[in-house]
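J.: One structure, as structure tokens, below. Some questions next.
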Amino acid sequence: MTVRLLIADDARDVAEVVGFGARMIWPDCEVTVASGGEEALRKFAEVCPDLVVLDVTMPPPDGFEVCRRIRHGGSRVPILMLSVRDATPDKVRALDLGADDYLTKPFEHPELLARLRALLRRAKAGPALPGPDLVVGDLALDSATREARFRGEAVRLTPTEFRLLEALMSHPGTTLSHRYLLHRTWGPAYGEAEHYLKVFVGRLRKKLDRPGLPRYIQSERGIGYRFVPHH
């Protein structure tokens, strides 16, 4: 499998480390490097990458804005943000804008590789559904297009959003713990990253909620979330 990777980082040594790591995982990986935001957006349109790694603090537009524009354009490509900023508000902002993961510099090489593998695996792997579609109430998951459908109307989801919604819809009416949802959607290493869950639930609510209808995803304070079907 040939993987197309776009790395946007003005630190050449970081870009080289990420590119080297990617080729360790996927020997035929096609690595494209950009040193600034405008170049990143141009190369994104040219290459149509399978995976994107964005540095937050690069020549404008910064990584936050590049991420926002990629998602605004409708792309569901997996995005990993890199930054020296370790504060939770920065992580939440990145996730709110559409990033799938956030890794703080300096990082350990094995962790970088694990996160790259996980992002692409979640994007490429088919969802674990009991049939071609999972239907709960008036909402269905389409395993072919990786979309949700509300009464037949398509709702586009990123791979991570899809996996989280699939986990919730697989147990309608049941409150699922934060830890279970984090493990199911991101993996065991994310068991304490509740801010990830909060942000992605918010993203799903924005896409799924309809005027006059109760929320599909309801929260149990300090426990977790549950999917409540309605017609």
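Going by the structure tokens order, chains are called A, B, ..., each with residues numbered from 1, while ligands are numbered from 1 in the order shown.
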Using only C-alpha atoms, which protein or nucleic acid residues come within 8 Å of stretch 65-72 of chain A? Drop anything in the same chain fewer than 5 positions from it, and give the result as a ChimeraX atom specification.
T.: /A:37,40-41,54,79,94,97-99
J.: Atoms to include: C-alpha atoms. Write the selected residues as an mmCIF file, in the first residue's frame.
T.:
data_model
loop_
_atom_site.group_PDB
_atom_site.id
_atom_site.type_symbol
_atom_site.label_atom_id
_atom_site.label_comp_id
_atom_site.auth_asym_id
_atom_site.auth_seq_id
_atom_site.Cartn_x
_atom_site.Cartn_y
_atom_site.Cartn_z
ATOM 1 C CA GLY A 37 0.859 27.292 5.793
ATOM 2 C CA ALA A 40 0.903 23.278 2.893
ATOM 3 C CA LEU A 41 -2.519 24.178 1.510
ATOM 4 C CA LEU A 54 0.746 19.862 10.861
ATOM 5 C CA ILE A 79 -4.703 15.074 10.798
ATOM 6 C CA ALA A 94 -6.852 21.808 17.602
ATOM 7 C CA LEU A 97 -10.931 22.713 14.438
ATOM 8 C CA GLY A 98 -10.968 19.145 13.132
ATOM 9 C CA ALA A 99 -7.646 17.542 14.112
#
J.: Stretch 20-179 of chain A: which residues are helix (DSSP H, G or I) by DSSP, as a ChimeraX atom specification?
T.: /A:20-25,37-47,63-72,88-96,109-124,159-169,178-179
J.: Extract, using only C-alpha atoms, all DNA, RNA and protein residues at most 12 Å from stretch 22-30 of chain A, discarding same-chain residues fewer than 3 positions from it, and format them as number ranges by chain.
T.: A: 1-7, 15-19, 33, 47-53, 109-110, 112-118, 120-121
J.: What does the structure give for the distance between atom CA of A:Gly202 and atom CA of A:Pro106, in Å to one decimal?
T.: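 That distance, rounded to one decimal, is 29.1 Å.
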J.: Quick one: residues within 10 Å of A:Thr57, only C-alpha atoms counted, chain neighbours fewer than 2 positions away excluded, as a JSON list (two decimals) with C-alpha atoms, in the first residue's frame?
T.:
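Ended up saving to around_35.json:
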[["chain", "number", "residue", "atom", "x", "y", "z"],
["A", 9, "ASP", "CA", 6.63, 22.05, 9.59],
["A", 10, "ASP", "CA", 9.18, 24.84, 9.25],
["A", 11, "ALA", "CA", 11.68, 22.88, 11.37],
["A", 36, "GLY", "CA", 4.63, 27.09, 5.79],
["A", 37, "GLY", "CA", 0.86, 27.29, 5.79],
["A", 54, "LEU", "CA", 0.75, 19.86, 10.86],
["A", 55, "ASP", "CA", 2.98, 21.98, 13.07],
["A", 59, "PRO", "CA", 4.71, 30.66, 8.89],
["A", 60, "PRO", "CA", 1.12, 31.84, 8.34],
["A", 61, "PRO", "CA", -1.41, 30.60, 8.11],
["A", 62, "ASP", "CA", -0.50, 28.56, 11.18],
["A", 63, "GLY", "CA", -1.39, 24.92, 11.73],
["A", 64, "PHE", "CA", -4.70, 25.75, 13.37],
["A", 82, "LEU", "CA", 2.47, 18.84, 16.45],
["A", 83, "SER", "CA", 3.28, 21.61, 18.91],
["A", 84, "VAL", "CA", 5.58, 22.64, 21.74],
["A", 85, "ARG", "CA", 2.43, 23.87, 23.50]]
J.: Using only C-alpha atoms, find the one residue out of A:His183, A:Arg226, A:Arg93, A:Lys124 that sits nearest to A:Ala144.
T.: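 Using only C-alpha atoms, the shortest distance to A:Ala144 belongs to A:Lys124.
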J.: Please report as CSV every residue of stretch 173-225 of chain A lying within 7 Å of stretch 149-164 of chain A, along with the nearest atom pair and their distance in Å (one decimal), using only C-alpha atoms.
T.:
residue,atom,partner,partner_atom,distance
A:Leu181,CA,A:Leu164,CA,7.0
A:Thr185,CA,A:Leu164,CA,5.5
A:Phe200,CA,A:Glu161,CA,6.6
A:Leu204,CA,A:Glu161,CA,6.8
A:Lys207,CA,A:Val155,CA,6.8
